[in-house]
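Coordinates as given in entry_15.tsv (TSV, C-alpha atoms):
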```
chain	number	residue	atom	x	y	z
Q	104	MET	CA	109.39	81.58	106.40
Q	105	ASN	CA	107.82	78.63	104.57
Q	106	PHE	CA	107.19	79.43	100.93
Q	107	VAL	CA	103.52	79.30	99.90
Q	108	PRO	CA	103.30	79.45	96.07
Q	109	GLU	CA	99.67	80.55	96.02
Q	110	LYS	CA	100.57	83.78	97.77
Q	111	ILE	CA	102.45	85.05	94.71
Q	112	ASP	CA	100.09	83.97	91.92
Q	113	ILE	CA	98.62	87.44	91.46
Q	114	LEU	CA	102.09	88.99	91.25
Q	115	ILE	CA	103.20	86.37	88.73
Q	116	GLN	CA	100.16	86.94	86.56
Q	117	LEU	CA	100.78	90.68	86.61
Q	118	ALA	CA	104.40	90.11	85.59
Q	119	ILE	CA	103.37	87.81	82.73
Q	120	GLN	CA	100.81	90.28	81.45
Q	121	GLU	CA	103.24	93.16	81.80
Q	122	ASP	CA	106.08	91.52	79.88
Q	123	ILE	CA	104.66	88.82	77.61
Q	124	GLY	CA	101.21	90.27	77.07
Q	125	SER	CA	99.76	88.87	73.82
Q	126	GLY	CA	102.99	87.05	72.99
Q	127	ASP	CA	106.76	87.29	72.51
Q	128	ILE	CA	106.81	88.48	68.90
Q	129	THR	CA	110.60	88.25	68.54
Q	130	THR	CA	111.00	84.70	69.87
Q	131	GLU	CA	107.87	83.38	68.15
Q	132	SER	CA	109.07	84.78	64.82
Q	133	ILE	CA	112.52	83.19	65.04
Q	134	PHE	CA	112.21	79.84	66.84
Q	135	PRO	CA	110.10	76.86	65.68
Q	136	SER	CA	107.19	76.10	68.00
Q	137	ASP	CA	108.44	72.56	68.73
Q	138	LEU	CA	112.11	73.36	69.40
Q	139	MET	CA	113.36	72.04	72.74
Q	140	GLY	CA	116.32	73.24	74.76
Q	141	GLU	CA	117.85	73.96	78.16
Q	142	GLY	CA	118.55	77.18	79.95
Q	143	GLU	CA	121.11	77.48	82.73
Q	144	PHE	CA	120.90	80.20	85.36
Q	145	LEU	CA	124.48	81.26	86.06
Q	146	ALA	CA	125.82	83.37	88.93
Q	147	LYS	CA	127.86	86.25	87.53
Q	148	GLU	CA	128.99	87.31	91.01
Q	149	ASP	CA	129.22	85.79	94.49
Q	150	GLY	CA	126.05	85.89	96.55
Q	151	VAL	CA	123.20	84.15	98.36
Q	152	ILE	CA	120.40	82.64	96.29
Q	153	ALA	CA	116.69	83.20	96.93
Q	154	GLY	CA	113.72	82.88	94.61
Q	155	LEU	CA	114.05	79.49	92.93
Q	156	PRO	CA	110.52	78.43	94.01
Q	157	VAL	CA	109.28	81.65	92.41
Q	158	VAL	CA	110.99	80.77	89.13
Q	159	GLU	CA	109.49	77.29	89.29
Q	160	ARG	CA	106.01	78.71	89.91
Q	161	LEU	CA	106.42	81.20	87.09
Q	162	PHE	CA	107.28	78.61	84.46
Q	163	SER	CA	104.47	76.33	85.66
Q	164	LYS	CA	102.05	79.17	84.90
Q	165	ILE	CA	103.47	79.69	81.40
Q	166	ASP	CA	103.99	76.03	80.44
Q	167	LYS	CA	103.42	73.09	82.79
Q	168	ASN	CA	105.87	70.98	80.75
Q	169	ILE	CA	108.88	73.10	81.70
Q	170	LEU	CA	111.12	71.25	84.17
Q	171	LEU	CA	113.23	73.18	86.67
Q	172	LYS	CA	116.25	71.44	88.15
Q	173	LYS	CA	117.78	73.23	91.13
Q	174	GLY	CA	121.55	73.26	91.37
Q	175	VAL	CA	121.61	74.88	94.82
Q	176	SER	CA	119.29	75.26	97.79
Q	177	GLU	CA	117.55	78.44	98.90
Q	178	GLY	CA	119.81	80.52	101.12
Q	179	MET	CA	122.97	78.89	99.76
Q	180	PHE	CA	126.05	80.97	99.01
Q	181	VAL	CA	127.28	80.63	95.42
Q	182	LYS	CA	130.45	81.72	93.69
Q	183	LYS	CA	130.70	83.51	90.36
Q	184	GLY	CA	130.26	80.97	87.56
Q	185	ASN	CA	128.21	78.46	89.58
Q	186	VAL	CA	125.12	76.96	87.94
Q	187	ILE	CA	122.15	77.94	90.09
Q	188	ALA	CA	119.46	75.98	88.26
Q	189	SER	CA	118.45	74.78	84.82
Q	190	VAL	CA	115.15	74.78	82.94
Q	191	ASN	CA	114.34	72.21	80.26
Q	192	GLY	CA	111.56	72.36	77.73
Q	193	ASN	CA	110.21	74.43	74.89
Q	194	VAL	CA	112.71	77.12	73.88
Q	195	ARG	CA	109.98	79.66	73.14
Q	196	THR	CA	108.64	79.30	76.67
Q	197	ILE	CA	112.07	79.52	78.27
Q	198	LEU	CA	112.99	82.68	76.36
Q	199	SER	CA	109.60	84.29	76.92
Q	200	GLY	CA	109.88	83.75	80.67
Q	201	GLU	CA	113.58	84.59	80.90
Q	202	ARG	CA	113.35	88.24	81.91
Q	203	ILE	CA	110.54	87.71	84.41
Q	204	ALA	CA	112.41	84.81	86.01
Q	205	LEU	CA	115.63	86.83	86.24
Q	206	ASN	CA	113.80	89.86	87.67
Q	207	PHE	CA	112.48	87.72	90.52
Q	208	LEU	CA	115.67	85.74	91.06
Q	209	GLN	CA	118.07	88.69	90.89
Q	210	ARG	CA	115.99	90.93	93.16
Q	211	LEU	CA	115.37	88.30	95.82
Q	212	SER	CA	118.94	87.00	95.73
Q	213	GLY	CA	120.18	90.56	96.17
Q	214	ILE	CA	118.08	90.95	99.31
Q	215	ALA	CA	119.24	87.58	100.66
Q	216	THR	CA	122.86	88.50	99.94
Q	217	LEU	CA	122.67	91.85	101.73
Q	218	THR	CA	120.87	90.27	104.67
Q	219	ALA	CA	123.56	87.58	104.93
Q	220	GLN	CA	126.23	90.29	105.02
Q	221	PHE	CA	124.52	91.99	107.97
Q	222	VAL	CA	124.06	88.65	109.75
Q	223	GLU	CA	127.74	87.86	109.26
Q	224	GLU	CA	128.76	91.22	110.74
Q	225	VAL	CA	126.99	90.53	114.06
Q	226	LYS	CA	128.19	86.96	114.58
Q	227	PRO	CA	128.50	85.51	117.18
Q	228	LEU	CA	126.45	88.10	119.08
Q	229	LYS	CA	122.93	86.98	120.00
Q	230	VAL	CA	120.96	89.57	118.06
Q	231	ALA	CA	118.27	89.17	115.42
Q	232	VAL	CA	118.70	91.03	112.14
Q	233	MET	CA	115.17	92.02	111.12
Q	234	ASP	CA	113.41	93.56	108.15
Q	235	THR	CA	110.79	96.34	108.11
Q	236	ARG	CA	107.72	97.32	106.09
Q	237	LYS	CA	109.89	99.31	103.66
Q	238	THR	CA	109.15	96.99	100.77
Q	239	ALA	CA	108.04	97.44	97.17
Q	240	PRO	CA	104.21	97.38	96.93
Q	241	GLY	CA	103.03	93.87	96.11
Q	242	TRP	CA	106.44	92.35	96.82
Q	243	ARG	CA	106.36	92.28	100.63
Q	244	TYR	CA	105.78	88.55	101.02
Q	245	LEU	CA	108.64	87.75	98.62
Q	246	GLU	CA	111.04	90.35	99.98
Q	247	LYS	CA	110.53	89.15	103.54
Q	248	TYR	CA	110.94	85.59	102.29
Q	249	ALA	CA	114.31	86.62	100.82
Q	250	VAL	CA	115.36	88.19	104.14
Q	251	ALA	CA	114.64	84.89	105.87
Q	252	ALA	CA	116.59	83.02	103.18
Q	253	GLY	CA	119.57	85.27	103.94
Q	254	GLY	CA	119.46	84.41	107.65
Q	255	GLY	CA	117.39	87.37	108.83
Q	256	VAL	CA	114.24	87.40	110.94
Q	257	ASN	CA	110.92	88.79	109.78
Q	258	HIS	CA	109.32	91.68	111.63
Q	259	ARG	CA	105.55	92.16	111.42
Q	260	MET	CA	104.11	91.44	108.00
Q	261	GLY	CA	101.78	94.44	108.05
Q	262	LEU	CA	99.73	96.81	110.16
Q	263	TYR	CA	97.32	94.02	111.05
Q	264	ASP	CA	99.47	91.54	112.98
Q	265	GLN	CA	101.32	93.62	115.59
Q	266	VAL	CA	100.96	96.97	117.30
Q	267	LEU	CA	103.77	99.46	116.76
Q	268	VAL	CA	103.16	102.81	118.41
Q	269	LYS	CA	105.22	105.46	116.62
Q	270	ASP	CA	105.89	109.17	117.07
Q	271	ASN	CA	102.75	110.35	115.26
Q	272	HIS	CA	100.58	108.13	117.47
Q	273	LEU	CA	102.25	109.43	120.61
Q	274	ASP	CA	102.05	113.07	119.51
Q	275	PHE	CA	98.29	112.70	119.08
Q	276	MET	CA	97.91	110.93	122.40
Q	277	LYS	CA	99.92	113.67	124.08
Q	278	LYS	CA	97.23	116.16	123.14
Q	279	GLU	CA	94.51	113.81	124.34
Q	280	LEU	CA	96.28	113.24	127.64
Q	281	SER	CA	96.76	116.97	128.12
Q	282	ALA	CA	93.08	117.57	127.48
Q	283	GLU	CA	92.09	115.00	130.08
Q	284	LYS	CA	94.47	116.59	132.61
Q	285	ILE	CA	95.55	113.25	134.05
Q	286	ALA	CA	98.58	113.67	136.28
Q	287	GLY	CA	101.18	111.05	137.13
Q	288	ILE	CA	100.87	108.95	134.00
Q	289	SER	CA	103.00	109.19	130.89
Q	290	VAL	CA	101.64	109.29	127.36
Q	291	ILE	CA	103.22	105.90	126.67
Q	292	GLU	CA	101.59	104.32	129.72
Q	293	LYS	CA	98.23	105.83	128.81
Q	294	THR	CA	98.48	104.70	125.20
Q	295	VAL	CA	99.51	101.13	126.06
Q	296	SER	CA	96.79	100.86	128.70
Q	297	MET	CA	94.17	101.96	126.16
Q	298	LEU	CA	95.49	99.49	123.58
Q	299	ARG	CA	95.47	96.59	126.03
Q	300	THR	CA	91.85	97.39	126.88
Q	301	LYS	CA	90.84	97.44	123.21
Q	302	ILE	CA	92.84	94.53	121.77
Q	303	GLY	CA	93.67	92.36	124.77
Q	304	ASN	CA	96.93	90.56	125.49
Q	305	HIS	CA	97.11	88.31	122.43
Q	306	VAL	CA	98.78	90.93	120.20
Q	307	LEU	CA	102.37	92.13	120.68
Q	308	ILE	CA	102.72	95.81	121.52
Q	309	GLU	CA	105.88	97.64	120.52
Q	310	VAL	CA	106.51	101.30	121.29
Q	311	GLU	CA	108.96	103.62	119.59
Q	312	THR	CA	111.14	105.63	121.96
Q	313	ARG	CA	113.49	108.51	121.24
Q	314	THR	CA	114.81	109.32	124.72
Q	315	LEU	CA	115.87	107.41	127.82
Q	316	SER	CA	112.94	108.95	129.66
Q	317	GLU	CA	110.58	107.39	127.13
Q	318	VAL	CA	112.36	104.05	127.58
Q	319	GLU	CA	111.60	104.26	131.31
Q	320	ASP	CA	107.96	105.02	130.51
Q	321	ALA	CA	107.79	102.02	128.18
Q	322	ILE	CA	109.17	99.78	130.92
Q	323	LYS	CA	106.46	101.00	133.30
Q	324	ALA	CA	103.85	100.36	130.62
Q	325	ASN	CA	104.85	96.68	130.36
Q	326	VAL	CA	105.23	96.76	126.58
Q	327	ASP	CA	106.48	93.69	124.72
Q	328	VAL	CA	109.14	95.44	122.64
Q	329	ILE	CA	110.87	98.80	123.03
Q	330	LEU	CA	112.03	100.33	119.76
Q	331	LEU	CA	115.11	102.52	120.20
Q	332	ASP	CA	114.76	104.91	117.29
Q	333	ASN	CA	117.79	106.63	115.78
Q	334	MET	CA	119.85	106.35	118.96
Q	335	ASP	CA	123.64	106.16	118.83
Q	336	ALA	CA	125.46	103.18	120.30
Q	337	GLU	CA	126.13	104.89	123.64
Q	338	LYS	CA	122.48	105.78	124.17
Q	339	ILE	CA	121.35	102.32	123.05
Q	340	ARG	CA	123.70	100.78	125.61
Q	341	SER	CA	122.17	102.96	128.33
Q	342	ALA	CA	118.66	102.03	127.22
Q	343	VAL	CA	119.48	98.31	127.23
Q	344	SER	CA	120.88	98.69	130.75
Q	345	LEU	CA	117.67	100.39	131.91
Q	346	VAL	CA	115.60	97.52	130.51
Q	347	LYS	CA	117.80	94.76	131.91
Q	348	ASN	CA	117.91	96.33	135.37
Q	349	GLY	CA	114.26	97.34	135.44
Q	350	LYS	CA	111.91	96.19	138.19
Q	351	TYR	CA	109.08	94.05	136.88
Q	352	GLY	CA	106.10	93.14	138.99
Q	353	LYS	CA	104.15	89.91	139.12
Q	354	GLY	CA	103.04	88.80	135.68
Q	355	ALA	CA	105.33	91.28	133.93
Q	356	TYR	CA	108.53	90.44	132.11
Q	357	ARG	CA	111.48	92.17	130.54
Q	358	PRO	CA	110.61	93.61	127.13
Q	359	LEU	CA	112.79	93.00	124.10
Q	360	THR	CA	114.88	95.90	122.84
Q	361	GLU	CA	115.12	96.79	119.17
Q	362	ALA	CA	117.49	99.28	117.57
Q	363	SER	CA	116.44	100.95	114.34
Q	364	GLY	CA	117.39	103.89	112.16
Q	365	ASN	CA	120.50	104.54	110.05
Q	366	ILE	CA	121.91	101.05	110.54
Q	367	THR	CA	124.65	100.21	108.04
Q	368	LEU	CA	127.19	97.45	107.49
Q	369	ASP	CA	129.78	99.80	108.97
Q	370	ASN	CA	127.99	100.35	112.29
Q	371	VAL	CA	125.79	97.28	112.79
Q	372	LYS	CA	128.42	95.42	114.82
Q	373	SER	CA	128.86	98.30	117.27
Q	374	ILE	CA	125.08	98.48	117.63
Q	375	ALA	CA	124.88	94.73	118.25
Q	376	GLN	CA	127.60	94.98	120.91
Q	377	THR	CA	125.32	97.17	123.05
Q	378	GLY	CA	123.37	94.05	124.04
Q	379	VAL	CA	120.22	94.97	122.11
Q	380	ASP	CA	117.99	92.00	121.25
Q	381	ARG	CA	116.97	92.99	117.73
Q	382	ILE	CA	118.14	95.29	114.97
Q	383	SER	CA	115.64	96.27	112.26
Q	384	ILE	CA	117.07	97.49	108.98
Q	385	GLY	CA	114.97	99.01	106.20
Q	386	ALA	CA	117.90	98.85	103.79
Q	387	LEU	CA	117.62	95.06	103.61
Q	388	THR	CA	114.70	95.49	101.24
Q	389	HIS	CA	114.68	99.08	100.00
Q	390	SER	CA	118.38	99.37	99.15
Q	391	ALA	CA	119.53	95.87	98.19
Q	392	LYS	CA	121.39	95.62	94.89
Q	393	ALA	CA	120.14	92.91	92.54
Q	394	LEU	CA	122.50	89.96	92.27
Q	395	ASP	CA	123.93	89.59	88.76
Q	396	ILE	CA	122.55	86.37	87.23
Q	397	SER	CA	122.23	85.32	83.59
Q	398	LEU	CA	120.36	82.65	81.64
Q	399	LYS	CA	122.28	80.79	78.90
Q	400	ILE	CA	120.28	78.76	76.36
Q	401	SER	CA	121.50	75.60	74.63
Q	402	LEU	CA	119.44	73.83	71.95
Q	403	GLN	CA	118.67	70.11	71.91
```

Encoded form (structure tokens):
Amino acid sequence: MNFVPEKIDILIQLAIQEDIGSGDITTESIFPSDLMGEGEFLAKEDGVIAGLPVVERLFSKIDKNILLKKGVSEGMFVKKGNVIASVNGNVRTILSGERIALNFLQRLSGIATLTAQFVEEVKPLKVAVMDTRKTAPGWRYLEKYAVAAGGGVNHRMGLYDQVLVKDNHLDFMKKELSAEKIAGISVIEKTVSMLRTKIGNHVLIEVETRTLSEVEDAIKANVDVILLDNMDAEKIRSAVSLVKNGKYGKGAYRPLTEASGNITLDNVKSIAQTGVDRISIGALTHSAKALDISLKISLQ
């Protein structure tokens, strides 16, 4: 994911208002207004760094004269004690922006670090480690950016850019199908057919399945992606086999398979070994531990 600074301006302004508000009364009372210095962001534990462009954007909003010098690249693994970056300029500005900068950098680096751990577990298997929509409100763009920095692959950004038919959708359509008394067609086939009629072929359609029978229905429906929800490794392997050995007519192609639900660092490798194409993991964003990073100030 290419970083677009303008996409986070609203979030940065909210953070500034939330923390600095009318001014940093402690710093402004202690430090002279013209005092210059340098702050070094230090890794206090091993991990993968993400969020330096956010820090740079933040300080540019507070004081355009603050200079950020990056010591590492985005997505780079650092060891405890490594200098991640330094900021030079007015000490008041550096201290006032310290906590906001660390909140962004620690949170995003934590997500990148956890993602990198999952990616490492499934090497060298050809499977994409993907995120979900289980993100903090307002932070989705940044959290998905951090997943990409950690070597993961972004799933849909929101409800607007890809169809994902889930259990509640299918349960409703089941009632509709029953009312129409149409025989010989599954609820998945009916739902996908209706969606194709309404939105055309330019949008990916993914369908959540819970049983092997539903997987077979999804194959018949010519979906783009089949989500294998909360299946164990044995059932996922059977589902992948069904998809790979399925018969696809003219103009149709094999859908991608995606495992999801209760994926952990302990079981992700066994899931990947089933031959599934993608593994989506909500924990990448909703359960990542912030990476421990500090900012040390030195005066000039």

Notebook entry, point to check: Nearest to Asp380 (chain Q): which of Q:Lys269, Q:Lys182, Q:Lys229, Q:His305 is it, counting all atoms listed in the file?
Noted result: Q:Lys229

Check: Could you name the residues that touch Gly184 (chain Q) at 12 Å or less, counting all atoms listed in the file, but leaving out those on the same chain fewer than 3 positions away, as a list in words?
Finding: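 The residues satisfying every condition are Glu143, Phe144, Leu145, Ala146, Lys147, Glu148, Asp149, Gly150, Val181, Ile187, Ala188, Asp395, Ile396, Ser397, Leu398 and Lys399 of chain Q.
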
For those residues, write C-alpha atoms to a file as an mmCIF file, in the coordinates of the input.
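New file result-v5.cif:
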```cif
data_model
loop_
_atom_site.group_PDB
_atom_site.id
_atom_site.type_symbol
_atom_site.label_atom_id
_atom_site.label_comp_id
_atom_site.auth_asym_id
_atom_site.auth_seq_id
_atom_site.Cartn_x
_atom_site.Cartn_y
_atom_site.Cartn_z
ATOM 1 C CA GLU Q 143 121.110 77.480 82.730
ATOM 2 C CA PHE Q 144 120.900 80.200 85.360
ATOM 3 C CA LEU Q 145 124.480 81.260 86.060
ATOM 4 C CA ALA Q 146 125.820 83.370 88.930
ATOM 5 C CA LYS Q 147 127.860 86.250 87.530
ATOM 6 C CA GLU Q 148 128.990 87.310 91.010
ATOM 7 C CA ASP Q 149 129.220 85.790 94.490
ATOM 8 C CA GLY Q 150 126.050 85.890 96.550
ATOM 9 C CA VAL Q 181 127.280 80.630 95.420
ATOM 10 C CA ILE Q 187 122.150 77.940 90.090
ATOM 11 C CA ALA Q 188 119.460 75.980 88.260
ATOM 12 C CA ASP Q 395 123.930 89.590 88.760
ATOM 13 C CA ILE Q 396 122.550 86.370 87.230
ATOM 14 C CA SER Q 397 122.230 85.320 83.590
ATOM 15 C CA LEU Q 398 120.360 82.650 81.640
ATOM 16 C CA LYS Q 399 122.280 80.790 78.900
#
```

Next item on the list: Place a sphere of radius 10 Å on (124.7, 91.3, 107.0) in the file coordinates and name every protein, DNA or RNA residue with an atom inside or on its surface, counting all atoms listed in the file; give the answer as a list in words.
Entry: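 Taken together, the residues in range are Ala215, Thr216, Leu217, Thr218, Ala219, Gln220, Phe221, Val222, Glu223, Glu224, Val225, Lys226, Val232, Gly253, Gly254, Gly255, Thr367, Leu368, Val371, Lys372 and Leu387 of chain Q.
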
Next item on the list: Find the residues around Leu345 (chain Q) up to 9 Å (all atoms listed in the file counted), leave out those fewer than 5 positions away in its own chain, and share them as a list in words.
Entry: Leu315, Val318, Glu319, Ile322 and Arg340 of chain Q

Check: Which polymer residues have any atom within 7 Å of an atom of region 235-241 of chain Q, counting only C-alpha atoms, with same-chain residues fewer than 2 positions away left out, as a list in words?
Finding: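 Near region 235-241 of chain Q, the qualifying residues are Leu114, Met233, Arg243, Glu246, His258, Gly261, Ser383, Ile384, Gly385, Thr388 and His389 of chain Q.
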
Could you write out that same residue set with C-alpha atoms as a PDB file, keeping the file's coordinate frame?
```pdb
ATOM      1  CA  LEU Q 114     102.090  88.990  91.250  1.00  0.00           C
ATOM      2  CA  MET Q 233     115.170  92.020 111.120  1.00  0.00           C
ATOM      3  CA  ARG Q 243     106.360  92.280 100.630  1.00  0.00           C
ATOM      4  CA  GLU Q 246     111.040  90.350  99.980  1.00  0.00           C
ATOM      5  CA  HIS Q 258     109.320  91.680 111.630  1.00  0.00           C
ATOM      6  CA  GLY Q 261     101.780  94.440 108.050  1.00  0.00           C
ATOM      7  CA  SER Q 383     115.640  96.270 112.260  1.00  0.00           C
ATOM      8  CA  ILE Q 384     117.070  97.490 108.980  1.00  0.00           C
ATOM      9  CA  GLY Q 385     114.970  99.010 106.200  1.00  0.00           C
ATOM     10  CA  THR Q 388     114.700  95.490 101.240  1.00  0.00           C
ATOM     11  CA  HIS Q 389     114.680  99.080 100.000  1.00  0.00           C
TER      12      HIS Q 389
END
```

Next item on the list: Have a look at Q:Ser390, Q:Thr312, Q:Ser212, Q:Thr129 and name the one nearest to Ser176 (chain Q); count only C-alpha atoms.
Entry: Q:Ser212

Next item on the list: Find, counting all atoms listed in the file, the residue in Q:Leu228, Q:Asn348, Q:Phe162, Q:Gly142 that gets nearest to Ser189 (chain Q).
Entry: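 Nearest candidate to Ser189 (chain Q) out of Q:Leu228, Q:Asn348, Q:Phe162, Q:Gly142: Q:Gly142.
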
Note to self: If I take CA of Val107 (chain Q) and CA of Ala386 (chain Q), how far is one from the other in Å, to one decimal?
What the structure shows: 24.6 Å

Notebook entry, point to check: Which is closer to Glu121 (chain Q) than all the others in Q:Val250, Q:Leu394, Q:Ile203, Q:Ile288, using all atoms listed in the file?
Noted result: Q:Ile203

Notebook entry, point to check: In Å to one decimal, how far is CA of Pro156 (chain Q) from CA of Pro108 (chain Q)?
Noted result: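 It comes out at 7.6 Å.
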
Check: Excluding same-chain residues fewer than 3 positions from Gly192 (chain Q), what lies within 9 Å of it counting only C-alpha atoms, as a PyMOL selection string?
Finding: chain Q and resi 138-142+166+168-170+195-197

10 Å contact set for Phe207 (chain Q), all atoms listed in the file, chain neighbours under 2 positions out, as a CSV table (one decimal) with C-alpha atoms, in the frame of the given file:
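Output saved as part-v5.csv:
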```csv
chain,number,residue,atom,x,y,z
Q,115,ILE,CA,103.2,86.4,88.7
Q,118,ALA,CA,104.4,90.1,85.6
Q,153,ALA,CA,116.7,83.2,96.9
Q,154,GLY,CA,113.7,82.9,94.6
Q,155,LEU,CA,114.0,79.5,92.9
Q,157,VAL,CA,109.3,81.6,92.4
Q,158,VAL,CA,111.0,80.8,89.1
Q,161,LEU,CA,106.4,81.2,87.1
Q,202,ARG,CA,113.4,88.2,81.9
Q,203,ILE,CA,110.5,87.7,84.4
Q,204,ALA,CA,112.4,84.8,86.0
Q,205,LEU,CA,115.6,86.8,86.2
Q,209,GLN,CA,118.1,88.7,90.9
Q,210,ARG,CA,116.0,90.9,93.2
Q,211,LEU,CA,115.4,88.3,95.8
Q,212,SER,CA,118.9,87.0,95.7
Q,213,GLY,CA,120.2,90.6,96.2
Q,242,TRP,CA,106.4,92.4,96.8
Q,245,LEU,CA,108.6,87.8,98.6
Q,246,GLU,CA,111.0,90.4,100.0
Q,393,ALA,CA,120.1,92.9,92.5
```
